[in-house]
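I have placed the structure first, in the form of structure tokens, so that the comments after it can refer back to it.
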Amino acid sequence: MILRILFAAVMMGGMSAQVSAVEIQRWQTDEGSTITLVERHELPIVNMQLTFKGAGKIADVKTDVATATANLLVAGTAQYSEEALRDESNRLGINISGNAGVENAHIYLSSLSRSTTLQPAVALLNQVVASPQFPRDVWQREQQKAITALKQQESSPAFVGSRALNIMNYGQHPYANGSRSSEASIRAVTPEDMASFHRQHYAKNNAYITIVGDVSRRQAEQLTAAALKGLPDKMAVNPAIPPVENRMGSVQDIPFAGKEQAVVLMGLPLIVRQDPDRFALTVGNYILGAGGFDSRLMKTLRDEQGLVYGVSSDLTPFSEKGPFNIAFSTQKGKADAALVATQKVLADFIAQGPTEAELQQAKDHIIGSFPLKFDTNAKVLPYAANVGIYHLPLDYLNTYTQGIQAVTVEQVKEVWQRRLNMQQINVVVVGKTQQ
């Protein structure tokens, strides 16, 4: 199956448009792995992303294990110590890294496409994916680094507020697992925990391989087989993601010492990956708070009332309802006034919808900036990966700008009135009062 994405790229130095194409191929191997390929032969470069679906933080039975597992994949393998692995990567001129997201775990490889580099690079990637060792001495060092980093983050009111809002939005739902990380939970993770998590959640049937660059379909199949060699055929544990239930909103005031400004965050669970209202939500979000100085929130809170330096809103889709959030910082004494003003802007937007001028400006920006999302292999990679991981329609990107262009004022108003309930919005204020 092939997805062809056509978009207009504005030529530098002129206003003429040039049509470019990104061709995405997607298929499944006999072992159940999904391969998503974008062939780009202009430069001798290959970017790969191996995603293990369900191996993210939602799979944590013990907090922080998924993150520790993904991060320590590159800390040593059956064949290479941590230092030897780093030396071999440097010799080849490649980069391998891993991380755990909310739902999935990811391992990345960037390499030149010549066989003398790419083949040993993928062999090294296979060592990382299939035979990590999670050395105890490395974990002791990385464990302390993680604790230090967490303490530094906890000195930020924005970080404290974002974790609190996430827990308010999701409660005991697995989407809040990452927000429960603590020094105690990090110290409780052991190499044995990571080895067990890896055995249970890293397998061929939940592997999604995305390749962008100077390779053919046949080469992509060979690279995938080499990368996944030695992994179990099926994952032992496949965590189901329960539905997200919206509850009545609440307000949390978190005292915080030593900062001149308060941070205010508000939001609720809202958008899913294949949301039928995604275009109206996206355009509306741009008009409300994602459009920078063009947004209503900025014009009201900054330009008209002088309450904030900056304010923004964002949408983050998950398999189940991902968050819609608004965030800003303001002087401690202005926190209440800024919160009331923000709630009024949001309530008015839900009630009245956008103007025709706001709608057109939003469309122009979203559509005009769309080609910039595909001008490098690294930028293409996450979009192509999402098409594979979340089984998005093969015309998803091809019809994206058409979907944006088709949005009307009435659609934005109807969708935002139907989907957002002011009574369900959670609010966190950090630092309005001292500890």
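Ordering of the structure tokens sets the chain letters (A, B, ...), residue numbers begin anew at 1 in every chain, and ligands are numbered from 1 in the order given.
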
Review point. Could you pull the residues within 12 Å of range 187-191 of chain A, counting only C-alpha atoms, minus those fewer than 5 positions along the same chain, as an MDAnalysis selection string?
Key: chainID A and resid 60:69 72:73 75 132:148 181:182 196:198

Considering only C-alpha atoms, give me a table of residues in range 116-212 of chain A that are at most 10 Å from range 420-428 of chain A, with the closest atom pair and distance in Å for each, as a tab-separated table.
residue	atom	partner	partner_atom	distance
A:Val160	CA	A:Val428	CA	9.5
A:Gly161	CA	A:Val428	CA	6.1
A:Ser162	CA	A:Val428	CA	8.2
A:Arg163	CA	A:Val428	CA	9.8
A:Ala164	CA	A:Val428	CA	7.1
A:Leu165	CA	A:Val428	CA	6.2
A:Asn166	CA	A:Asn426	CA	9.4
A:Met168	CA	A:Asn426	CA	6.7
A:Asn169	CA	A:Asn426	CA	6.9

Exercise for review: Skip Gly310 in chain A itself and residues of its chain fewer than 5 positions away, then list as a list of chain:residue names all residues within 10 Å of it, counting only C-alpha atoms.
Suggested key: A:Gly289, A:Gly292, A:Phe293, A:Leu297, A:Met298, A:Lys299, A:Leu301, A:Arg302, A:Asp303, A:Ala327, A:Phe328, A:Ser329, A:Thr330

Take the selection from the previous step and output its residues with all heavy atoms, as a CSV table (one decimal), in the first residue's frame.
chain,number,residue,atom,x,y,z
A,289,GLY,N,-5.3,29.8,21.0
A,289,GLY,CA,-4.1,30.0,21.8
A,289,GLY,C,-2.8,29.5,21.1
A,289,GLY,O,-1.7,29.8,21.6
A,292,GLY,N,0.2,32.0,18.5
A,292,GLY,CA,1.2,33.1,18.9
A,292,GLY,C,0.5,34.4,19.1
A,292,GLY,O,-0.6,34.5,19.7
A,293,PHE,N,1.1,35.5,18.6
A,293,PHE,CA,0.5,36.8,18.7
A,293,PHE,C,-0.8,37.0,18.0
A,293,PHE,O,-1.5,38.0,18.2
A,293,PHE,CB,1.6,37.8,18.2
A,293,PHE,CG,2.8,38.0,19.1
A,293,PHE,CD1,4.0,37.4,18.8
A,293,PHE,CD2,2.7,38.7,20.3
A,293,PHE,CE1,5.1,37.5,19.6
A,293,PHE,CE2,3.8,38.8,21.1
A,293,PHE,CZ,5.0,38.2,20.8
A,297,LEU,N,-6.1,34.6,23.0
A,297,LEU,CA,-5.6,34.7,24.4
A,297,LEU,C,-4.5,35.7,24.5
A,297,LEU,O,-4.4,36.5,25.5
A,297,LEU,CB,-5.1,33.3,24.8
A,297,LEU,CG,-6.2,32.3,25.2
A,297,LEU,CD1,-5.6,30.9,25.4
A,297,LEU,CD2,-6.9,32.7,26.5
A,298,MET,N,-3.6,35.7,23.5
A,298,MET,CA,-2.5,36.7,23.5
A,298,MET,C,-3.0,38.1,23.4
A,298,MET,O,-2.5,39.0,24.1
A,298,MET,CB,-1.5,36.3,22.4
A,298,MET,CG,-0.5,35.2,22.8
A,298,MET,SD,0.8,35.6,24.0
A,298,MET,CE,2.0,36.4,22.9
A,299,LYS,N,-3.9,38.3,22.5
A,299,LYS,CA,-4.4,39.6,22.2
A,299,LYS,C,-5.1,40.2,23.5
A,299,LYS,O,-5.0,41.3,23.8
A,299,LYS,CB,-5.4,39.6,21.1
A,299,LYS,CG,-4.7,39.4,19.7
A,299,LYS,CD,-5.7,39.3,18.6
A,299,LYS,CE,-5.0,39.1,17.2
A,299,LYS,NZ,-6.0,39.0,16.1
A,301,LEU,N,-5.0,38.8,26.9
A,301,LEU,CA,-4.2,38.8,28.2
A,301,LEU,C,-3.0,39.6,28.1
A,301,LEU,O,-2.6,40.3,29.1
A,301,LEU,CB,-3.9,37.4,28.6
A,301,LEU,CG,-4.9,36.6,29.4
A,301,LEU,CD1,-6.1,36.3,28.6
A,301,LEU,CD2,-4.3,35.4,30.1
A,302,ARG,N,-2.3,39.7,27.0
A,302,ARG,CA,-1.1,40.4,26.8
A,302,ARG,C,-1.3,41.8,26.3
A,302,ARG,O,-1.0,42.8,26.9
A,302,ARG,CB,-0.1,39.7,25.9
A,302,ARG,CG,1.2,40.5,25.7
A,302,ARG,CD,2.1,39.8,24.6
A,302,ARG,NE,3.1,40.7,24.1
A,302,ARG,CZ,4.4,40.6,24.3
A,302,ARG,NH1,4.8,39.6,25.0
A,302,ARG,NH2,5.2,41.4,23.8
A,303,ASP,N,-1.9,41.9,25.1
A,303,ASP,CA,-2.0,43.2,24.4
A,303,ASP,C,-3.0,44.1,25.1
A,303,ASP,O,-2.7,45.3,25.3
A,303,ASP,CB,-2.4,43.0,22.9
A,303,ASP,CG,-1.4,42.2,22.2
A,303,ASP,OD1,-0.3,42.0,22.7
A,303,ASP,OD2,-1.7,41.7,21.1
A,327,ALA,N,-1.7,27.3,29.2
A,327,ALA,CA,-0.7,27.6,30.2
A,327,ALA,C,-0.1,29.0,30.0
A,327,ALA,O,0.0,29.5,28.9
A,327,ALA,CB,0.5,26.6,30.1
A,328,PHE,N,0.2,29.7,31.2
A,328,PHE,CA,0.8,31.0,31.2
A,328,PHE,C,1.4,31.2,32.5
A,328,PHE,O,1.1,30.6,33.5
A,328,PHE,CB,-0.2,32.1,30.8
A,328,PHE,CG,-1.3,32.2,31.8
A,328,PHE,CD1,-1.2,33.0,32.9
A,328,PHE,CD2,-2.5,31.6,31.5
A,328,PHE,CE1,-2.3,33.2,33.8
A,328,PHE,CE2,-3.6,31.7,32.4
A,328,PHE,CZ,-3.5,32.5,33.5
A,329,SER,N,2.3,32.2,32.6
A,329,SER,CA,2.8,32.7,33.9
A,329,SER,C,2.5,34.2,34.0
A,329,SER,O,2.4,34.9,33.0
A,329,SER,CB,4.3,32.4,34.0
A,329,SER,OG,5.0,33.1,32.9
A,330,THR,N,2.4,34.6,35.2
A,330,THR,CA,2.0,36.0,35.5
A,330,THR,C,2.5,36.4,36.9
A,330,THR,O,2.9,35.6,37.7
A,330,THR,CB,0.5,36.2,35.4
A,330,THR,OG1,0.1,37.5,35.5
A,330,THR,CG2,-0.2,35.4,36.5

Check your understanding: If you count only C-alpha atoms, which residues fall within 10 Å of range 235-247 of chain A, apart from same-chain ones fewer than 5 positions away, as a PyMOL selection string?
Key -> chain A and resi 52-56+58-60+103+168-171+173-175+197-207+268-270+319-322+421+423-426

Review point. For Arg180 in chain A, which of A:Arg419, A:Phe256, A:Ile167, A:Val212 is the closest residue, counting only C-alpha atoms?
Key: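 Counting only C-alpha atoms, the residue closest to Arg180 in chain A is A:Ile167.
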
Study note, to complete from the structure: With distances taken over only C-alpha atoms, the candidate from A:Arg278, A:Glu414, A:Leu228, A:Ala384 nearest Thr29 in chain A is A:Leu228

Check your understanding: So which residues touch Ile254 in chain A within 7 Å, counting only C-alpha atoms, skipping near sequence neighbours fewer than 3 positions away, as a PyMOL selection string?
Key -> chain A and resi 429-431

Exercise for review: Write down as a PyMOL selection string the residues of range 326-404 of chain A whose backbone DSSP state falls under helix (DSSP H, G or I).
Suggested key: chain A and resi 332-352+356-374+377-389+400-404

Review point. In terms of the shortest atom-to-atom distance over only C-alpha atoms, which of A:Val272, A:Leu118, A:Val38, A:Ile209 is closest to His106 in chain A?
Key: A:Ile209

Review point. Hey, what does DSSP flag as strand (DSSP E or B) within range 49-90 of chain A? Can you give it to me as a PyMOL selection string?
Key: chain A and resi 49-53+76-77+81

Can I get the selection written as a short mmCIF file (atom, residue, chain, number, x, y, z; two decimals), in the first residue's frame, with C-alpha atoms?
data_model
loop_
_atom_site.label_atom_id
_atom_site.label_comp_id
_atom_site.auth_asym_id
_atom_site.auth_seq_id
_atom_site.Cartn_x
_atom_site.Cartn_y
_atom_site.Cartn_z
CA GLN A 49 12.67 4.59 14.18
CA LEU A 50 11.81 1.32 15.91
CA THR A 51 8.64 1.70 17.95
CA PHE A 52 7.45 -0.96 20.36
CA LYS A 53 3.76 -0.32 20.79
CA GLY A 76 25.69 -2.16 27.03
CA THR A 77 24.80 -5.33 25.12
CA SER A 81 30.15 -2.77 26.86
#
